[in-house]
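K.L.:
Can you read through this structure? Questions will come right after.
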Amino acid sequence: MLRLTLALGLLAAGPLLAASPAMAGVLLDRVVAVVNDEVILMSELEVAVRSSEKLQARVQALGPNATQQQVDQAIREERSHTLDELVKSSLVKKEAIRFQIEVSEGDIERYLQNLAQANGFKSVAELRKAVEESGEYGAWSDYKQDIRDQLIVYKTTQSLANFAVTDAQVREQYRKMTRGEASKVEVERFLFTPEEATAPARDEAYSKAQVTARRLRSGEAVDTVAAELKMAGQTRKTIGRGEVAPAVEDAIFAAAQGGVIGPLETGQGFLVMKIVQHMTSDVLSFEQAKDNIRGQLEEEAFNKAAEDFRNGLLAKAHVDIRL
């Protein structure tokens, strides 16, 4: 999901960013953008620039030997991008008012506690001290208002942007991630295909598959069953991830060695398999990996939907940039 960016800019970036003359000294406030009937001030923009995670990353990437000119250049380049983000956030907050979406004090306090813990502080009081000492915000109340604004933007976007991740998408992503991996299963495979496209032929094929599965489960030798079915020498297969239908793959990789699977209905007929061996692999099973994959896909889907939502609001707004 959307990551809320409430970084302690001066603490994170260190003295190099804090000392930048492009962001220091007495600021004569002025309007840098008009969004419909709202204004964005230079002071708001500068606070947002200083706490920008993207800017922090750029400054850190410059390394300890970066010149002040290089830092100032990075700040100037990020200022325009940050203003665009403030414009879009302003539009989202208007939507929050229109749809009566609110953030409670409890929401803010819970987020502060999580934020303090994530940044290694023992309490919110320690976080507050660090914020006040950083000099980024005029007061602790300003910092809390920043949090409220960002939570409102997040909550509104989550409510109004359209996004969803299906089970099929999770499965397909897993197949993409594991395709070509060493994880394989060796099986004895029996496929029973109806001789013609009629119900009786289908029932006959299914009946043969049932009998075969029952014989294999009872411990009868694979070679004996295969010989009777005129499949001798044709049943041994090695199957890797992504090579068969998802339902078949799930059954194969979940089954224990010696287990019998089926009959499974496939596009070709009815499938019965006996697991010979699982070939060692570090690849997680689908059941083990699916929650993480879903989380990643939901974050990607949300971010794209959020950007589309914000751009849609921007397209209908009157914006006057005065930077």
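In the structure tokens, each chain is lettered A, B, ... as it comes, each chain's residues begin at 1, and ligands are numbered from 1 in order of appearance.
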Which residues are near Tyr206 in chain A? Cut-off 12 Å, only C-alpha atoms, ignore same chain within fewer than 2 positions. Put them as a ChimeraX atom specification.

P.N.:
/A:190-195,199-204,208-213,262-266,268-272

K.L.:
So that I can check the surroundings of range 220-233 of chain A, please list as a CSV table (one decimal) with all heavy atoms, in the first residue's frame every protein, DNA and RNA residue that reaches within 9 Å of it, counting only C-alpha atoms and ignoring chain neighbours fewer than 3 positions away.

P.N.:
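Below is the file selection19.csv, written as the result:
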chain,number,residue,atom,x,y,z
A,188,GLU,N,4.8,-40.4,-12.0
A,188,GLU,CA,4.3,-41.4,-12.9
A,188,GLU,C,2.9,-40.8,-13.4
A,188,GLU,O,2.0,-40.6,-12.5
A,188,GLU,CB,4.1,-42.7,-12.3
A,188,GLU,CG,5.4,-43.4,-11.9
A,188,GLU,CD,6.2,-43.9,-13.0
A,188,GLU,OE1,5.8,-43.8,-14.2
A,188,GLU,OE2,7.4,-44.4,-12.8
A,190,PHE,N,-0.6,-40.7,-15.7
A,190,PHE,CA,-1.5,-41.5,-16.5
A,190,PHE,C,-2.6,-40.5,-17.0
A,190,PHE,O,-3.3,-39.9,-16.2
A,190,PHE,CB,-2.2,-42.6,-15.7
A,190,PHE,CG,-1.2,-43.7,-15.3
A,190,PHE,CD1,-0.5,-43.5,-14.1
A,190,PHE,CD2,-1.1,-44.8,-16.0
A,190,PHE,CE1,0.4,-44.4,-13.7
A,190,PHE,CE2,-0.2,-45.8,-15.5
A,190,PHE,CZ,0.6,-45.6,-14.4
A,212,THR,N,-7.7,-46.6,-12.0
A,212,THR,CA,-6.2,-46.5,-11.9
A,212,THR,C,-5.7,-45.9,-10.7
A,212,THR,O,-4.8,-46.4,-10.0
A,212,THR,CB,-5.7,-45.7,-13.2
A,212,THR,OG1,-6.1,-46.4,-14.4
A,212,THR,CG2,-4.2,-45.6,-13.1
A,215,ARG,N,-6.1,-48.3,-7.8
A,215,ARG,CA,-5.1,-49.4,-7.8
A,215,ARG,C,-3.7,-48.9,-7.3
A,215,ARG,O,-3.0,-49.5,-6.6
A,215,ARG,CB,-4.9,-50.0,-9.2
A,215,ARG,CG,-6.2,-50.7,-9.7
A,215,ARG,CD,-6.0,-51.2,-11.1
A,215,ARG,NE,-5.0,-52.1,-11.3
A,215,ARG,CZ,-4.7,-52.6,-12.5
A,215,ARG,NH1,-5.3,-52.2,-13.6
A,215,ARG,NH2,-3.7,-53.5,-12.7
A,216,LEU,N,-3.3,-47.7,-7.8
A,216,LEU,CA,-2.1,-47.1,-7.3
A,216,LEU,C,-2.1,-46.8,-5.8
A,216,LEU,O,-1.1,-47.0,-5.2
A,216,LEU,CB,-1.8,-45.8,-8.1
A,216,LEU,CG,-1.5,-46.0,-9.6
A,216,LEU,CD1,-1.4,-44.6,-10.3
A,216,LEU,CD2,-0.2,-46.8,-9.9
A,217,ARG,N,-3.2,-46.3,-5.3
A,217,ARG,CA,-3.3,-46.0,-3.9
A,217,ARG,C,-3.2,-47.3,-3.0
A,217,ARG,O,-2.7,-47.2,-1.9
A,217,ARG,CB,-4.6,-45.2,-3.6
A,217,ARG,CG,-4.6,-43.8,-4.1
A,217,ARG,CD,-5.7,-43.0,-3.5
A,217,ARG,NE,-5.7,-41.6,-4.0
A,217,ARG,CZ,-6.3,-41.1,-5.0
A,217,ARG,NH1,-7.2,-41.9,-5.7
A,217,ARG,NH2,-6.2,-39.9,-5.4
A,236,ARG,N,6.6,-42.0,-17.0
A,236,ARG,CA,7.5,-41.2,-16.1
A,236,ARG,C,7.8,-39.8,-16.7
A,236,ARG,O,8.1,-39.7,-17.9
A,236,ARG,CB,8.9,-41.9,-16.0
A,236,ARG,CG,9.9,-41.3,-15.1
A,236,ARG,CD,9.4,-41.3,-13.6
A,236,ARG,NE,9.3,-42.7,-13.1
A,236,ARG,CZ,10.2,-43.3,-12.4
A,236,ARG,NH1,11.3,-42.7,-12.1
A,236,ARG,NH2,9.9,-44.5,-11.9
A,274,LYS,N,1.3,-40.4,-9.7
A,274,LYS,CA,1.9,-40.8,-8.5
A,274,LYS,C,3.2,-40.1,-8.3
A,274,LYS,O,4.0,-40.0,-9.3
A,274,LYS,CB,2.1,-42.3,-8.5
A,274,LYS,CG,2.8,-42.8,-7.2
A,274,LYS,CD,2.8,-44.4,-7.1
A,274,LYS,CE,3.3,-44.8,-5.8
A,274,LYS,NZ,3.3,-46.3,-5.7

K.L.:
Taking the DSSP assignment computed from this structure's backbone, write out as a list in words all residues of range 176-214 of chain A that belong to strand (DSSP E or B).

P.N.:
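Written out, the strand (DSSP E or B) residues of range 176-214 of chain A are Lys184, Val185, Glu186, Val187, Glu188, Arg189, Phe190, Leu191 and Phe192 of chain A.
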
K.L.:
Just asking: which residues within range 2-184 of chain A are helix (DSSP H, G or I) according to DSSP, as a ChimeraX atom specification?

P.N.:
/A:9-13,15-18,21-23,42-50,53-62,68-98,105-118,124-134,140-160,167-178

K.L.:
Range 87-92 of chain A: which residues within 9 Å, counting only C-alpha atoms, same-chain residues fewer than 5 positions away excluded, as a list of chain:residue names?

P.N.:
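Once the nearby chain positions are removed, what remains is A:Ala33, A:Val34, A:Val35, A:Asn36, A:Glu38, A:Ile40, A:Thr82, A:Ile97, A:Asp149, A:Gln150, A:Ile152, A:Val153, A:Tyr154, A:Thr156, A:Thr157, A:Phe309, A:Arg310, A:Asn311, A:Leu313, A:Leu314, A:Ala317, A:Val319.
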
K.L.:
Save the residues we just selected, C-alpha atoms, as a compact mmCIF listing (two decimals), in the first residue's frame?

P.N.:
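File produced: part_11.txt:
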# COMPACT_ATOMS: atom_id res chain seq x y z
CA ALA A 33 0.77 27.83 -6.55
CA VAL A 34 -2.95 28.45 -6.67
CA VAL A 35 -5.10 25.32 -6.85
CA ASN A 36 -8.70 26.25 -7.59
CA GLU A 38 -6.54 27.23 -2.41
CA ILE A 40 0.32 26.74 -1.54
CA THR A 82 7.51 18.28 -4.80
CA ILE A 97 -14.06 17.09 2.48
CA ASP A 149 -2.78 15.71 6.02
CA GLN A 150 -0.85 12.74 4.69
CA ILE A 152 -6.14 12.04 4.91
CA VAL A 153 -4.58 11.85 1.44
CA TYR A 154 -3.84 8.14 1.91
CA THR A 156 -9.11 9.25 0.64
CA THR A 157 -7.07 7.72 -2.17
CA PHE A 309 -6.90 9.15 -9.49
CA ARG A 310 -4.70 12.17 -8.70
CA ASN A 311 -4.03 12.89 -12.37
CA LEU A 313 -8.39 15.36 -10.37
CA LEU A 314 -5.56 17.49 -11.78
CA ALA A 317 -8.65 21.57 -11.77
CA VAL A 319 -3.82 25.30 -11.34

K.L.:
When you look at Gly258 in chain A with a cut-off of 8 Å (counting only C-alpha atoms), what residues show up, excluding the ones that are within fewer than 2 positions of it in the same chain? I need them as a PyMOL selection string.

P.N.:
chain A and resi 256+260+274-277

K.L.:
Give the answer as one residue: which of A:Lys304, A:Lys316, A:His278, A:Lys54 has the shortest atom-to-atom distance to Ala161 in chain A, using only C-alpha atoms?

P.N.:
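Once distances to Ala161 in chain A are computed over only C-alpha atoms, the minimum belongs to A:Lys304.
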
K.L.:
Can you write out as a tab-separated table which residues of range 69-170 of chain A fall within 8 Å of range 282-298 of chain A, alongside each residue's closest atom pair and its distance in Å to one decimal, counting only C-alpha atoms and ordering rows by chain and ascending residue number?

P.N.:
residue	atom	partner	partner_atom	distance
A:Phe163	CA	A:Glu298	CA	8.0
A:Ala164	CA	A:Glu298	CA	7.0
A:Val165	CA	A:Glu298	CA	6.0
A:Val170	CA	A:Arg294	CA	5.8

K.L.:
For those residues, write N, CA, C and O atoms to a file as a PDB file, in the first residue's frame.

P.N.:
ATOM      1  N   PHE A 163      -8.871  -0.140  -7.416  1.00  0.00           N
ATOM      2  CA  PHE A 163      -7.809  -1.118  -7.624  1.00  0.00           C
ATOM      3  C   PHE A 163      -8.209  -2.440  -6.990  1.00  0.00           C
ATOM      4  O   PHE A 163      -8.978  -2.474  -6.021  1.00  0.00           O
ATOM      5  N   ALA A 164      -7.729  -3.520  -7.547  1.00  0.00           N
ATOM      6  CA  ALA A 164      -8.022  -4.852  -7.009  1.00  0.00           C
ATOM      7  C   ALA A 164      -6.978  -5.824  -7.522  1.00  0.00           C
ATOM      8  O   ALA A 164      -6.407  -5.639  -8.599  1.00  0.00           O
ATOM      9  N   VAL A 165      -6.719  -6.851  -6.735  1.00  0.00           N
ATOM     10  CA  VAL A 165      -5.808  -7.927  -7.131  1.00  0.00           C
ATOM     11  C   VAL A 165      -6.563  -9.242  -6.988  1.00  0.00           C
ATOM     12  O   VAL A 165      -7.098  -9.546  -5.919  1.00  0.00           O
ATOM     13  N   VAL A 170      -2.352 -13.303  -8.585  1.00  0.00           N
ATOM     14  CA  VAL A 170      -1.354 -13.786  -7.619  1.00  0.00           C
ATOM     15  C   VAL A 170      -0.720 -15.062  -8.127  1.00  0.00           C
ATOM     16  O   VAL A 170       0.500 -15.236  -8.089  1.00  0.00           O
TER      17      VAL A 170
END

K.L.:
So what do you get for CA of His81 in chain A versus CA of Glu136 in chain A, distance-wise?

P.N.:
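Between these atoms lies a distance of 19.4 Å.
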
K.L.:
Please compute the CA of Arg189 in chain A-CA of Met273 in chain A distance, one decimal, in Å.

P.N.:
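Value for the CA of Arg189 in chain A-CA of Met273 in chain A distance: 4.6 Å.
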
K.L.:
Check the smallest atom-to-atom distance from each of A:Val39, A:Ala74, A:Leu323, A:Ala301 to Ser52 in chain A using only C-alpha atoms, then report the winner.

P.N.:
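Closest to Ser52 in chain A of all the choices is A:Ala74.
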
K.L.:
By how many Å are CA of Gln158 in chain A and CA of Lys144 in chain A apart?

P.N.:
20.8 Å

K.L.:
Which one of A:Glu196, A:Glu300, A:Asp320, A:Glu243 sits closest to Arg175 in chain A if you count only C-alpha atoms?

P.N.:
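Ranked by minimum distance to Arg175 in chain A, first place goes to A:Glu243.
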